[in-house]
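*Asks:* For reference, the file start-v9.txt (compact mmCIF, C-alpha atoms and all ligand atoms) is included below:
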```
# COMPACT_ATOMS: atom_id res chain seq x y z
CA MET N 1 -60.05 91.57 -68.34
CA LEU N 2 -57.66 94.44 -67.91
CA ILE N 3 -54.97 94.17 -65.25
CA LYS N 4 -52.95 97.13 -64.03
CA LYS N 5 -50.77 98.08 -61.08
CA PHE N 6 -51.23 101.22 -58.95
CA GLN N 7 -49.05 102.63 -56.19
CA GLY N 8 -50.03 104.87 -53.31
CA ALA N 9 -48.89 105.85 -49.84
CA THR N 10 -51.65 103.63 -48.48
CA GLU N 11 -53.77 100.81 -49.80
CA GLN N 12 -56.78 103.17 -49.92
CA GLU N 13 -54.86 105.71 -51.98
CA ALA N 14 -53.76 103.08 -54.50
CA LEU N 15 -57.29 101.71 -54.69
CA GLN N 16 -58.67 105.18 -55.28
CA LEU N 17 -56.28 105.67 -58.19
CA ALA N 18 -57.32 102.30 -59.59
CA LYS N 19 -61.00 103.22 -59.32
CA GLN N 20 -60.43 106.56 -60.98
CA GLU N 21 -58.83 104.90 -63.95
CA LEU N 22 -60.63 101.59 -64.23
CA GLY N 23 -63.99 102.35 -62.66
CA LYS N 24 -65.71 101.35 -59.46
CA ASP N 25 -65.90 97.64 -60.33
CA VAL N 26 -62.17 96.96 -60.03
CA ILE N 27 -61.08 93.98 -57.99
CA ILE N 28 -57.76 93.77 -56.18
CA THR N 29 -55.83 90.66 -57.09
CA HIS N 30 -52.63 91.44 -55.24
CA ILE N 31 -51.26 93.85 -52.65
CA LYS N 32 -47.64 94.35 -51.80
CA SER N 33 -45.52 96.78 -49.93
CA ILE N 34 -42.63 98.36 -51.81
CA LYS N 35 -39.73 99.33 -49.61
CA PRO N 36 -37.56 102.09 -51.05
CA LYS N 37 -34.13 100.83 -51.90
CA GLY N 38 -30.65 102.27 -51.24
CA VAL N 39 -30.38 105.88 -50.18
CA TYR N 40 -34.13 106.46 -50.63
CA ARG N 41 -34.73 104.31 -47.57
CA LEU N 42 -33.66 107.25 -45.45
CA PHE N 43 -36.25 109.74 -46.56
CA LYS N 44 -38.98 107.88 -48.43
CA LYS N 45 -41.88 106.01 -46.87
CA PRO N 46 -42.75 102.54 -48.14
CA LEU N 47 -45.39 102.47 -50.86
CA VAL N 48 -48.29 100.12 -51.31
CA GLU N 49 -48.73 98.58 -54.73
CA ILE N 50 -51.97 96.97 -55.70
CA THR N 51 -52.71 94.93 -58.78
CA ALA N 52 -56.22 95.76 -59.91
CA ALA N 53 -58.28 93.98 -62.50
CA VAL N 54 -61.45 95.02 -64.23
CA ASP N 55 -63.78 93.08 -66.43
CA GLU N 56 -64.01 94.71 -69.83
CA GLU N 57 -66.31 92.02 -71.06
CA ARG N 58 -69.36 94.21 -71.36
CA ILE N 59 -67.54 96.96 -73.16
CA TYR N 60 -66.01 94.37 -75.46
CA GLU N 61 -69.33 92.70 -76.01
CA LYS N 62 -70.82 95.94 -77.23
CA LYS N 63 -67.87 96.60 -79.48
CA THR N 64 -67.64 93.20 -81.14
CA GLY N 65 -70.77 91.25 -80.40
CA TYR N 66 -68.70 88.09 -79.93
CA GLN N 67 -70.58 87.07 -76.82
CA HIS N 68 -72.91 84.99 -78.97
CA ILE N 69 -70.02 82.72 -79.97
CA ALA N 70 -69.49 81.57 -76.43
CA GLU N 71 -73.24 81.13 -76.11
CA GLU N 72 -73.30 79.04 -79.26
CA ILE N 73 -70.49 76.80 -78.08
CA LYS N 74 -72.25 76.39 -74.77
CA LYS N 75 -75.46 75.34 -76.46
CA ASN N 76 -73.91 72.92 -78.87
CA PRO N 77 -70.26 72.26 -78.20
CA TYR N 78 -69.71 69.68 -80.88
CA GLU N 79 -71.52 71.22 -83.76
CA PHE N 80 -70.28 74.71 -83.27
CA ARG N 81 -68.72 76.03 -86.38
CA VAL N 82 -66.95 79.32 -86.81
CA LYS N 83 -68.87 81.23 -89.41
CA GLU N 84 -67.01 82.15 -92.56
CA GLU N 85 -66.94 85.86 -91.87
CA GLU N 86 -65.60 85.27 -88.37
CA LYS N 87 -62.82 82.89 -89.39
CA SER N 88 -60.28 85.57 -90.20
CA SER N 89 -60.78 87.25 -86.87
CA ALA N 90 -61.17 84.02 -84.91
CA ILE N 91 -57.92 84.47 -83.01
CA GLU N 92 -59.07 87.82 -81.72
CA GLN N 93 -62.24 86.40 -80.33
CA LYS N 94 -62.96 86.45 -76.66
CA LEU N 95 -63.04 83.19 -74.81
CA ASP N 96 -65.79 84.46 -72.63
CA SER N 97 -66.26 81.44 -70.44
CA LEU N 98 -62.59 81.19 -69.60
CA GLN N 99 -62.45 84.90 -68.96
CA SER N 100 -65.18 84.71 -66.40
CA MET N 101 -63.63 81.61 -64.89
CA LEU N 102 -60.27 83.33 -64.58
CA GLU N 103 -61.95 86.30 -63.06
CA LYS N 104 -63.77 84.13 -60.54
CA GLN N 105 -60.60 82.28 -59.59
CA MET N 106 -58.75 85.57 -59.24
CA ARG N 107 -61.47 86.85 -56.94
CA GLU N 108 -61.19 83.71 -54.86
CA GLN N 109 -57.45 84.08 -54.70
CA GLN N 110 -57.77 87.71 -53.80
CA SER N 111 -58.48 87.23 -50.12
CA THR N 112 -55.76 84.61 -49.66
CA ASN N 113 -53.23 86.73 -51.52
CA VAL N 114 -54.06 89.84 -49.55
CA GLU N 115 -53.71 87.94 -46.29
CA LYS N 116 -50.45 86.32 -47.27
CA GLU N 117 -48.92 89.52 -48.53
CA LYS N 118 -49.69 91.37 -45.35
CA GLU N 119 -48.02 88.70 -43.28
CA GLU N 120 -44.87 88.17 -45.30
CA PRO N 121 -44.19 90.13 -48.46
CA ALA N 122 -43.39 87.47 -51.07
CA ALA N 123 -39.76 87.30 -52.05
CA GLU N 124 -40.64 86.48 -55.61
CA GLU N 125 -43.83 88.01 -56.76
CA MET N 126 -45.98 85.88 -59.01
CA THR N 127 -47.12 88.20 -61.73
CA ALA N 128 -50.74 88.33 -62.80
CA ALA N 129 -49.60 87.02 -66.19
CA MET N 130 -48.03 83.96 -64.61
CA ALA N 131 -51.10 83.35 -62.51
CA CYS N 132 -53.19 83.49 -65.66
CA VAL N 133 -50.91 81.02 -67.47
CA GLN N 134 -51.17 78.71 -64.48
CA MET N 135 -54.96 78.82 -64.62
CA ILE N 136 -54.97 78.09 -68.34
CA TYR N 137 -52.65 75.15 -67.71
CA ASN N 138 -55.04 73.86 -65.04
CA GLN N 139 -57.91 74.23 -67.48
CA LEU N 140 -56.10 72.15 -70.11
CA ILE N 141 -55.38 69.45 -67.54
CA ALA N 142 -59.03 69.51 -66.40
CA ASN N 143 -59.95 68.83 -70.02
CA GLU N 144 -57.68 65.80 -69.95
CA VAL N 145 -54.84 67.22 -71.97
CA GLU N 146 -51.77 65.19 -71.00
CA GLU N 147 -49.29 67.09 -68.83
CA VAL N 148 -46.53 66.65 -71.35
CA TYR N 149 -48.52 68.42 -74.09
CA ALA N 150 -49.93 71.12 -71.81
CA ASN N 151 -46.35 71.84 -70.71
CA LYS N 152 -45.22 71.97 -74.30
CA VAL N 153 -47.79 74.59 -75.24
CA ILE N 154 -47.09 76.66 -72.12
CA ALA N 155 -43.31 76.42 -72.55
CA GLU N 156 -43.63 77.69 -76.09
CA ILE N 157 -45.58 80.78 -75.13
CA GLU N 158 -43.76 81.47 -71.88
CA GLN N 159 -40.60 82.52 -73.68
CA SER N 160 -42.38 85.34 -75.43
CA LEU N 161 -44.60 86.28 -72.50
CA LYS N 162 -44.18 89.79 -71.15
CA PRO N 163 -44.73 90.15 -67.39
CA ASP N 164 -47.44 92.71 -68.00
CA ALA N 165 -49.25 90.68 -70.66
CA THR N 166 -53.02 90.90 -70.32
CA VAL N 167 -55.35 87.93 -70.04
CA ASP N 168 -56.41 88.75 -73.60
CA ASN N 169 -52.85 88.50 -74.92
CA ILE N 170 -52.16 85.26 -73.12
CA LEU N 171 -55.40 83.60 -74.09
CA SER N 172 -55.19 84.47 -77.74
CA THR N 173 -51.54 83.38 -77.93
CA ILE N 174 -52.31 79.99 -76.38
CA TYR N 175 -55.46 79.65 -78.45
CA GLN N 176 -53.51 80.28 -81.66
CA LYS N 177 -50.83 77.79 -80.64
CA ILE N 178 -53.40 75.08 -80.04
CA VAL N 179 -55.24 75.78 -83.30
CA LEU N 180 -51.93 75.56 -85.17
CA LYS N 181 -51.00 72.33 -83.46
CA LEU N 182 -54.38 70.78 -84.29
CA GLY N 183 -53.58 71.53 -87.91
CA GLU N 184 -55.76 71.44 -90.97
CA THR N 185 -58.69 69.09 -91.03
CA LYS N 186 -58.73 66.29 -93.55
CA GLU N 187 -62.05 65.84 -95.26
CA LEU N 188 -63.08 62.81 -97.26
CA GLU N 189 -62.97 63.99 -100.85
CA PHE N 190 -63.03 62.36 -104.21
CA GLU N 191 -61.80 63.02 -107.69
CA GLU N 192 -63.93 62.13 -110.61
CA GLY N 193 -62.58 59.32 -112.74
CA LYS N 194 -60.43 57.92 -109.95
CA THR N 195 -61.84 55.35 -107.57
CA LYS N 196 -60.73 55.95 -104.02
CA TYR N 197 -60.66 53.03 -101.59
CA VAL N 198 -61.23 54.22 -98.07
CA PHE N 199 -60.57 51.89 -95.14
CA PHE N 200 -62.01 52.31 -91.66
CA ILE N 201 -59.95 50.53 -89.06
CA GLY N 202 -59.81 50.53 -85.29
CA PRO N 203 -60.70 48.70 -82.10
CA THR N 204 -63.93 46.79 -81.56
CA GLY N 205 -67.12 48.71 -80.98
CA VAL N 206 -65.76 52.22 -81.46
CA GLY N 207 -68.32 53.04 -84.16
CA LYS N 208 -66.62 52.18 -87.47
CA THR N 209 -69.73 50.80 -89.16
CA THR N 210 -71.97 53.60 -87.89
CA THR N 211 -69.44 56.21 -89.04
CA ILE N 212 -69.29 54.63 -92.51
CA ALA N 213 -73.08 54.84 -92.75
CA LYS N 214 -72.99 58.52 -91.77
CA LEU N 215 -70.28 59.34 -94.29
CA ALA N 216 -71.82 57.25 -97.07
CA SER N 217 -75.01 59.16 -96.63
CA SER N 218 -73.43 62.60 -96.77
CA LEU N 219 -71.22 61.61 -99.72
CA LYS N 220 -74.14 60.26 -101.70
CA LEU N 221 -76.83 62.75 -100.77
CA GLY N 222 -74.73 65.83 -100.05
CA LYS N 223 -71.87 65.51 -102.51
CA LYS N 224 -73.63 63.39 -105.12
CA ALA N 225 -70.72 60.95 -105.13
CA LYS N 226 -71.06 57.47 -106.60
CA VAL N 227 -70.46 55.41 -103.46
CA ALA N 228 -70.10 51.67 -102.83
CA LEU N 229 -69.60 49.80 -99.59
CA PHE N 230 -67.34 46.83 -98.97
CA THR N 231 -67.21 44.93 -95.76
CA ALA N 232 -64.31 42.78 -94.72
CA ASP N 233 -66.01 42.08 -91.42
CA THR N 234 -67.13 38.54 -92.07
CA TYR N 235 -66.59 37.32 -88.54
CA ARG N 236 -70.12 38.09 -87.50
CA ILE N 237 -73.23 37.68 -89.63
CA ALA N 238 -74.80 40.59 -87.77
CA ALA N 239 -71.98 42.86 -88.90
CA VAL N 240 -72.73 42.28 -92.60
CA ASP N 241 -76.45 42.72 -91.96
CA GLN N 242 -75.83 45.99 -90.12
CA LEU N 243 -74.05 47.48 -93.12
CA ARG N 244 -76.43 45.90 -95.62
CA SER N 245 -79.39 47.65 -94.04
CA TYR N 246 -77.65 51.02 -94.43
CA ALA N 247 -76.67 50.16 -98.02
CA THR N 248 -80.27 49.28 -98.84
CA ILE N 249 -81.64 52.49 -97.34
CA LEU N 250 -79.11 54.55 -99.27
CA GLY N 251 -79.52 52.53 -102.46
CA ILE N 252 -75.84 51.73 -102.82
CA PRO N 253 -74.14 48.39 -103.50
CA LEU N 254 -72.52 46.33 -100.76
CA ARG N 255 -69.90 43.73 -101.41
CA VAL N 256 -68.59 41.25 -98.89
CA ILE N 257 -64.83 40.77 -99.03
CA TYR N 258 -63.56 37.46 -97.70
CA SER N 259 -59.88 37.93 -98.46
CA GLU N 260 -57.60 40.74 -99.52
CA THR N 261 -57.26 39.34 -103.02
CA GLU N 262 -60.95 40.02 -103.57
CA ILE N 263 -60.35 43.74 -103.31
CA LYS N 264 -57.91 43.50 -106.19
CA ASP N 265 -60.49 41.52 -108.17
CA ALA N 266 -63.14 44.15 -107.51
CA VAL N 267 -61.13 47.06 -108.91
CA GLU N 268 -62.31 46.55 -112.49
CA GLU N 269 -65.92 46.11 -111.45
CA TYR N 270 -65.98 49.31 -109.37
CA LYS N 271 -63.93 51.53 -111.65
CA ASP N 272 -66.89 53.84 -112.27
CA TYR N 273 -67.34 54.56 -108.58
CA ASP N 274 -65.90 57.66 -106.91
CA ILE N 275 -65.51 56.17 -103.47
CA VAL N 276 -65.55 52.69 -101.98
CA LEU N 277 -65.87 52.73 -98.20
CA ILE N 278 -64.44 49.59 -96.63
CA ASP N 279 -65.59 48.39 -93.22
CA THR N 280 -63.26 46.15 -91.26
CA ALA N 281 -63.79 43.97 -88.23
CA GLY N 282 -62.87 45.50 -84.91
CA ARG N 283 -59.38 44.28 -84.15
CA SER N 284 -57.44 43.97 -81.02
CA HIS N 285 -54.19 45.79 -81.49
CA LYS N 286 -52.68 43.29 -79.07
CA ASN N 287 -53.35 40.32 -81.31
CA ARG N 288 -50.47 39.80 -83.71
CA GLU N 289 -52.43 37.68 -86.18
CA GLN N 290 -55.27 40.17 -86.42
CA ARG N 291 -52.79 42.98 -86.90
CA ASP N 292 -51.19 41.08 -89.79
CA ASP N 293 -54.59 40.46 -91.39
CA ILE N 294 -55.44 44.13 -91.36
CA GLU N 295 -52.02 44.98 -92.77
CA LYS N 296 -52.53 42.60 -95.71
CA LEU N 297 -55.95 44.08 -96.36
CA LEU N 298 -54.73 47.69 -96.32
CA LEU N 299 -51.73 46.99 -98.49
CA SER N 300 -53.84 45.25 -101.10
CA VAL N 301 -54.73 48.68 -102.49
CA PRO N 302 -51.92 50.85 -103.89
CA GLU N 303 -51.13 53.93 -101.80
CA GLU N 304 -52.28 56.43 -104.42
CA SER N 305 -55.84 55.08 -104.45
CA ARG N 306 -55.99 54.32 -100.74
CA GLU N 307 -57.04 56.36 -97.75
CA ILE N 308 -57.17 55.09 -94.19
CA TYR N 309 -59.20 56.39 -91.27
CA LEU N 310 -58.34 55.17 -87.82
CA VAL N 311 -61.52 55.31 -85.77
CA LEU N 312 -60.98 55.91 -82.06
CA SER N 313 -63.41 56.46 -79.27
CA ALA N 314 -62.84 59.69 -77.35
CA THR N 315 -63.81 57.75 -74.24
CA THR N 316 -60.77 55.45 -74.44
CA LYS N 317 -58.00 56.05 -71.91
CA TYR N 318 -55.00 57.93 -73.28
CA LYS N 319 -52.63 55.08 -72.41
CA ASP N 320 -54.66 52.63 -74.46
CA LEU N 321 -54.91 55.08 -77.34
CA VAL N 322 -51.13 55.31 -77.35
CA LYS N 323 -50.84 51.53 -77.80
CA ILE N 324 -53.53 51.43 -80.48
CA THR N 325 -52.04 54.25 -82.53
CA GLU N 326 -48.56 52.75 -82.22
CA THR N 327 -49.79 49.50 -83.71
CA TYR N 328 -51.45 51.18 -86.68
CA SER N 329 -48.68 53.72 -87.23
CA ALA N 330 -46.37 50.81 -87.91
CA ILE N 331 -48.62 49.66 -90.75
CA ALA N 332 -49.57 52.77 -92.75
CA LYS N 333 -50.45 56.44 -92.65
CA TYR N 334 -53.91 57.25 -91.41
CA ASN N 335 -56.31 60.06 -90.59
CA LEU N 336 -58.12 60.30 -87.27
CA ILE N 337 -61.80 60.04 -86.47
CA PHE N 338 -62.96 60.43 -82.88
CA THR N 339 -66.31 58.92 -81.93
CA LYS N 340 -68.60 59.13 -78.92
CA LEU N 341 -67.89 62.71 -78.00
CA ASP N 342 -71.38 62.73 -76.55
CA GLU N 343 -70.20 60.28 -73.90
CA THR N 344 -67.27 62.25 -72.56
CA ALA N 345 -66.70 65.76 -71.28
CA GLY N 346 -62.95 65.70 -71.83
CA ILE N 347 -61.84 66.35 -75.37
CA GLY N 348 -58.18 66.39 -74.41
CA ASN N 349 -57.55 63.12 -76.22
CA ILE N 350 -58.13 64.78 -79.58
CA PHE N 351 -55.25 67.12 -78.84
CA ASN N 352 -53.14 64.41 -77.16
CA ILE N 353 -53.39 61.99 -80.07
CA LYS N 354 -52.80 64.71 -82.62
CA MET N 355 -49.65 65.70 -80.74
CA LEU N 356 -48.57 62.08 -80.40
CA THR N 357 -49.12 60.88 -83.97
CA GLY N 358 -49.11 64.01 -86.09
CA ALA N 359 -51.88 62.32 -88.12
CA PRO N 360 -54.46 64.64 -89.70
CA LEU N 361 -57.69 65.08 -87.75
CA SER N 362 -60.81 64.48 -89.77
CA TYR N 363 -64.20 63.84 -88.16
CA THR N 364 -65.90 63.62 -84.79
CA THR N 365 -69.12 61.78 -84.09
CA PHE N 366 -71.37 62.60 -81.20
CA GLY N 367 -74.28 60.20 -81.20
CA GLN N 368 -75.83 57.11 -82.72
CA SER N 369 -78.06 58.90 -85.17
CA VAL N 370 -77.29 58.23 -88.84
CA PRO N 371 -76.57 60.46 -90.76
CA ASP N 372 -76.70 63.50 -88.47
CA ASP N 373 -74.26 62.90 -85.63
CA ILE N 374 -71.01 63.57 -87.44
CA SER N 375 -69.05 66.66 -88.32
CA LYS N 376 -65.67 67.67 -89.61
CA ILE N 377 -63.34 68.48 -86.73
CA ASN N 378 -63.18 72.22 -86.25
CA PRO N 379 -59.78 73.13 -84.73
CA GLN N 380 -61.04 76.53 -83.58
CA ALA N 381 -63.95 74.98 -81.72
CA VAL N 382 -61.71 72.30 -80.19
CA ALA N 383 -59.19 74.91 -79.02
CA LYS N 384 -61.97 76.97 -77.47
CA GLN N 385 -63.35 73.98 -75.64
CA LEU N 386 -59.92 72.99 -74.38
CA LEU N 387 -59.56 76.49 -72.97
CA GLY N 388 -62.89 76.34 -71.21
CA GLY N 389 -65.27 77.70 -73.80
CA GLY N 390 -68.52 75.79 -73.98
CA GLN N 391 -68.20 74.20 -70.59
N1 LIG X 1 -72.94 57.43 -78.04
C1 LIG X 1 -72.45 57.12 -79.22
N2 LIG X 1 -72.57 55.89 -79.69
C2 LIG X 1 -72.05 55.61 -80.91
C3 LIG X 1 -71.40 56.58 -81.69
N3 LIG X 1 -71.00 55.98 -82.85
C4 LIG X 1 -71.40 54.70 -82.76
N4 LIG X 1 -72.04 54.46 -81.61
C5 LIG X 1 -72.63 53.22 -81.09
O1 LIG X 1 -71.60 52.32 -80.74
C6 LIG X 1 -72.01 50.99 -80.95
C7 LIG X 1 -70.98 50.29 -81.84
O2 LIG X 1 -71.01 50.91 -83.11
P1 LIG X 1 -70.52 50.17 -84.42
O3 LIG X 1 -70.63 51.14 -85.55
O4 LIG X 1 -71.17 48.86 -84.60
O5 LIG X 1 -69.00 49.98 -84.02
P2 LIG X 1 -67.88 49.16 -84.81
O6 LIG X 1 -66.59 49.86 -84.58
O7 LIG X 1 -68.30 48.95 -86.20
O8 LIG X 1 -67.92 47.80 -83.99
P3 LIG X 1 -67.26 46.39 -84.46
O9 LIG X 1 -67.61 46.19 -85.88
O10 LIG X 1 -67.89 45.41 -83.53
O11 LIG X 1 -65.80 46.51 -84.21
C8 LIG X 1 -73.38 51.06 -81.59
O12 LIG X 1 -74.33 50.88 -80.57
C9 LIG X 1 -73.44 52.48 -82.14
O13 LIG X 1 -74.75 52.97 -82.23
C10 LIG X 1 -71.29 57.91 -81.16
O14 LIG X 1 -70.72 58.82 -81.75
N5 LIG X 1 -71.82 58.12 -79.93
MG MG X 2 -68.54 47.22 -87.31
```
So, in terms of structure tokens, how does the structure I just supplied come out?
*Replies:*
Amino acid sequence: MLIKKFQGATEQEALQLAKQELGKDVIITHIKSIKPKGVYRLFKKPLVEITAAVDEERIYEKKTGYQHIAEEIKKNPYEFRVKEEEKSSAIEQKLDSLQSMLEKQMREQQSTNVEKEKEEPAAEEMTAAMACVQMIYNQLIANEVEEVYANKVIAEIEQSLKPDATVDNILSTIYQKIVLKLGETKELEFEEGKTKYVFFIGPTGVGKTTTIAKLASSLKLGKKAKVALFTADTYRIAAVDQLRSYATILGIPLRVIYSETEIKDAVEEYKDYDIVLIDTAGRSHKNREQRDDIEKLLLSVPEESREIYLVLSATTKYKDLVKITETYSAIAKYNLIFTKLDETAGIGNIFNIKMLTGAPLSYTTFGQSVPDDISKINPQAVAKQLLGGGQ
């Protein structure tokens, strides 16, 4: 969208100028009367200034062909990946859905603005740029980004915002900010000759065991890693059986760990393995004893051979996520996995928890199907969704 101001002796004259320059499809987003100041008051008539906007989407589409990206996100929001060749120019990409939404909202505002302005010329004019920032803020809030973090992003860009900044400028600046804040994604990797012990911790029922099965499958079949499974979830027979059935299908060993000392004992036996994925019982972060148990278990493996993934459901309320992450932050460093993205429209919690903990983002899961419903978190795709792409 291109936004520009035009002045004329009358509204019609200003509109005509706008149409000459921007074409017949311009929409008026704002009208105000400019009274000449000082000595000019005596011999100059007031002018009418209109703010006109035009959708350059189609021209842009032809130029860049980026329209398909928005289409792709729309079709499959969670699996959308920025293609390699587009990565470098990702920040320049149009956020088509948000653009059209902004345009629609501006059109809706148009009539109210025009009315208001005619009645009482606003003392402080809200620039089109500020209106755009406000809409982006609303969009972030609608996607369940916490106010404090939405404010933070907006405050950071506002300082450098020029009053005549275009929607393009504003969007790409905010988009870049969010991508930067989401940071680099942490992928589960392994080094040959070094066994890595990977713990999956988190509240009950979030999808730890299912996520382990998905990752075990892609590590073994995709990356040809030598994988073993441990389970420390001995509270329920069904829990061991659940993991055993995955282990059997994948043809990998499963060991049941009854106490943290058994992990130490197993080190020699599993030294030829690249990765040992360790399932834990869902724990209540409120229960002190359970928290201590998990701490003992995690600390039984030295930091250099240990990796921890905190599994959280994207459907959990932000306030509860704060408590959960606080509990685990006090124990050790972790990476973040968000499950059940198929059950929620708001992905704000991914951003919220990243901002809160600073922990690296790693995977999202979006369904019960093993091994398909998992992917590495793509910060570009998350930022686009937060800004309204793919809605
Ligand atoms: N919709 C949806 N369901 C999921 C997802 N991941 C796991 N589930 C389902 O959530 C339920 C619990 O999954 P589990 O893997 O057993 O969860 P857990 O964290 O190991 O549970 P506990 O061991 O009891 O703490 C199962 O019905 C899974 O199929 C997901 O991404 N989306
Ligand atoms: Mg489990």
*Asks:* I'd like the contact shell of segment 153-161 of chain N - 10 Å cut-off, only C-alpha atoms, skipping same-chain residues fewer than 4 positions apart - returned as a count of residues only.
*Replies:* 19
*Asks:* Show me which residues line ligand LIG 1 (chain X), defined as having an atom within 7 Å of a ligand atom where all atoms listed in the file count, and present them as a VMD selection string.
*Replies:* chain N and resid 202 to 211 239 280 to 283 339 to 343 365 to 368 373
*Asks:* Could you state the separation of atom CA of Lys384 of chain N and atom CA of Leu2 of chain N in Å, given to one decimal place?
*Replies:*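 So the answer is 20.4 Å.
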*Asks:* Suppose you want the space between atom CA of Ile252 of chain N and atom CA of Thr234 of chain N; what is it in Å?
*Replies:*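 These atoms are spaced 19.1 Å apart.
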*Asks:* Quick one: residues within 9 Å of Leu140 of chain N, only C-alpha atoms, excluding same-chain residues fewer than 2 positions away - as a list in words?
*Replies:*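 In the requested form, the answer reads Met135, Ile136, Tyr137, Asn138, Ala142, Asn143, Glu144, Val145, Glu146, Glu147, Ala150, Gly348, Leu386, Leu387 and Gly388 of chain N.
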*Asks:* Which residue gives the smallest distance to Pro163 of chain N among N:Asn378, N:Ile201, N:Cys132, N:Ile257, with only C-alpha atoms counted?
*Replies:*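 Answer, going by the shortest atom-to-atom distance: N:Cys132.
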*Asks:* Between atom CA of Ala213 of chain N and atom CA of Pro371 of chain N, what is the distance, to one decimal in Å?
*Replies:* 6.9 Å
*Asks:* Restricting the calculation to all atoms listed in the file, which member of N:Asp279, N:Asp55, N:Asp241, N:Glu49 is positioned closest to ligand MG 2 (chain X)?
*Replies:* N:Asp279
*Asks:* Give me the residues near Val276 of chain N as an NGL selection string, where near means some atom within 10 Å (using only C-alpha atoms) and where sequence neighbours in that chain fewer than 3 positions away do not count.
*Replies:* :N and (195-199 or 216 or 226-230 or 253-255 or 267 or 270-271 or 273 or 279 or 306)
*Asks:* What would the file look like if the residues just selected were written as a PDB file, in the frame of the given file with C-alpha atoms?
*Replies:*
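Below is the file out14.pdb, written as the result:
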```pdb
ATOM      1  CA  THR N 195     -61.840  55.350-107.570  1.00  0.00           C
ATOM      2  CA  LYS N 196     -60.730  55.950-104.020  1.00  0.00           C
ATOM      3  CA  TYR N 197     -60.660  53.030-101.590  1.00  0.00           C
ATOM      4  CA  VAL N 198     -61.230  54.220 -98.070  1.00  0.00           C
ATOM      5  CA  PHE N 199     -60.570  51.890 -95.140  1.00  0.00           C
ATOM      6  CA  ALA N 216     -71.820  57.250 -97.070  1.00  0.00           C
ATOM      7  CA  LYS N 226     -71.060  57.470-106.600  1.00  0.00           C
ATOM      8  CA  VAL N 227     -70.460  55.410-103.460  1.00  0.00           C
ATOM      9  CA  ALA N 228     -70.100  51.670-102.830  1.00  0.00           C
ATOM     10  CA  LEU N 229     -69.600  49.800 -99.590  1.00  0.00           C
ATOM     11  CA  PHE N 230     -67.340  46.830 -98.970  1.00  0.00           C
ATOM     12  CA  PRO N 253     -74.140  48.390-103.500  1.00  0.00           C
ATOM     13  CA  LEU N 254     -72.520  46.330-100.760  1.00  0.00           C
ATOM     14  CA  ARG N 255     -69.900  43.730-101.410  1.00  0.00           C
ATOM     15  CA  VAL N 267     -61.130  47.060-108.910  1.00  0.00           C
ATOM     16  CA  TYR N 270     -65.980  49.310-109.370  1.00  0.00           C
ATOM     17  CA  LYS N 271     -63.930  51.530-111.650  1.00  0.00           C
ATOM     18  CA  TYR N 273     -67.340  54.560-108.580  1.00  0.00           C
ATOM     19  CA  ASP N 279     -65.590  48.390 -93.220  1.00  0.00           C
ATOM     20  CA  ARG N 306     -55.990  54.320-100.740  1.00  0.00           C
TER      21      ARG N 306
END
```
*Asks:* Which residues are close to Tyr309 of chain N, i.e. within 10 Å by all atoms listed in the file, leaving aside same-chain residues fewer than 5 positions away? Reply as a PDB file with C-alpha atoms, keeping the file's coordinate frame.
*Replies:*
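And here is the file that came out, selection.pdb:
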```pdb
ATOM      1  CA  LEU N 188     -63.080  62.810 -97.260  1.00  0.00           C
ATOM      2  CA  VAL N 198     -61.230  54.220 -98.070  1.00  0.00           C
ATOM      3  CA  PHE N 199     -60.570  51.890 -95.140  1.00  0.00           C
ATOM      4  CA  PHE N 200     -62.010  52.310 -91.660  1.00  0.00           C
ATOM      5  CA  ILE N 201     -59.950  50.530 -89.060  1.00  0.00           C
ATOM      6  CA  GLY N 202     -59.810  50.530 -85.290  1.00  0.00           C
ATOM      7  CA  LYS N 208     -66.620  52.180 -87.470  1.00  0.00           C
ATOM      8  CA  LYS N 333     -50.450  56.440 -92.650  1.00  0.00           C
ATOM      9  CA  TYR N 334     -53.910  57.250 -91.410  1.00  0.00           C
ATOM     10  CA  ASN N 335     -56.310  60.060 -90.590  1.00  0.00           C
ATOM     11  CA  LEU N 336     -58.120  60.300 -87.270  1.00  0.00           C
ATOM     12  CA  ILE N 337     -61.800  60.040 -86.470  1.00  0.00           C
ATOM     13  CA  ALA N 359     -51.880  62.320 -88.120  1.00  0.00           C
ATOM     14  CA  PRO N 360     -54.460  64.640 -89.700  1.00  0.00           C
ATOM     15  CA  LEU N 361     -57.690  65.080 -87.750  1.00  0.00           C
ATOM     16  CA  SER N 362     -60.810  64.480 -89.770  1.00  0.00           C
ATOM     17  CA  TYR N 363     -64.200  63.840 -88.160  1.00  0.00           C
TER      18      TYR N 363
END
```
*Asks:* Of the residues N:Ile249, N:Ala232, N:Leu17, N:Leu221, which is the one nearest to ligand MG 2 (chain X), using only C-alpha atoms and all ligand atoms?
*Replies:*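 When distances to ligand MG 2 (chain X) are compared using only C-alpha atoms and all ligand atoms, the smallest one comes from N:Ala232.
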*Asks:* Using all atoms listed in the file, which protein or nucleic acid residues come within 10 Å of Ala18 of chain N? Drop anything in the same chain fewer than 4 positions from it, and give the result as an MDAnalysis selection string.
*Replies:* chainID N and resid 4:8 12:14 22:28 50:54
*Asks:* Counting all atoms listed in the file, which of N:Glu184, N:Asp233, N:Glu189, N:Glu269 gets nearest to ligand MG 2 (chain X)?
*Replies:*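 Among N:Glu184, N:Asp233, N:Glu189, N:Glu269, it is N:Asp233 that comes nearest to ligand MG 2 (chain X).
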*Asks:* Taking only C-alpha atoms and all ligand atoms into account, which of N:Lys376, N:Lys296, N:Lys323, N:Arg236 comes nearest ligand MG 2 (chain X)?
*Replies:*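 Using only C-alpha atoms and all ligand atoms, the shortest distance to ligand MG 2 (chain X) belongs to N:Arg236.
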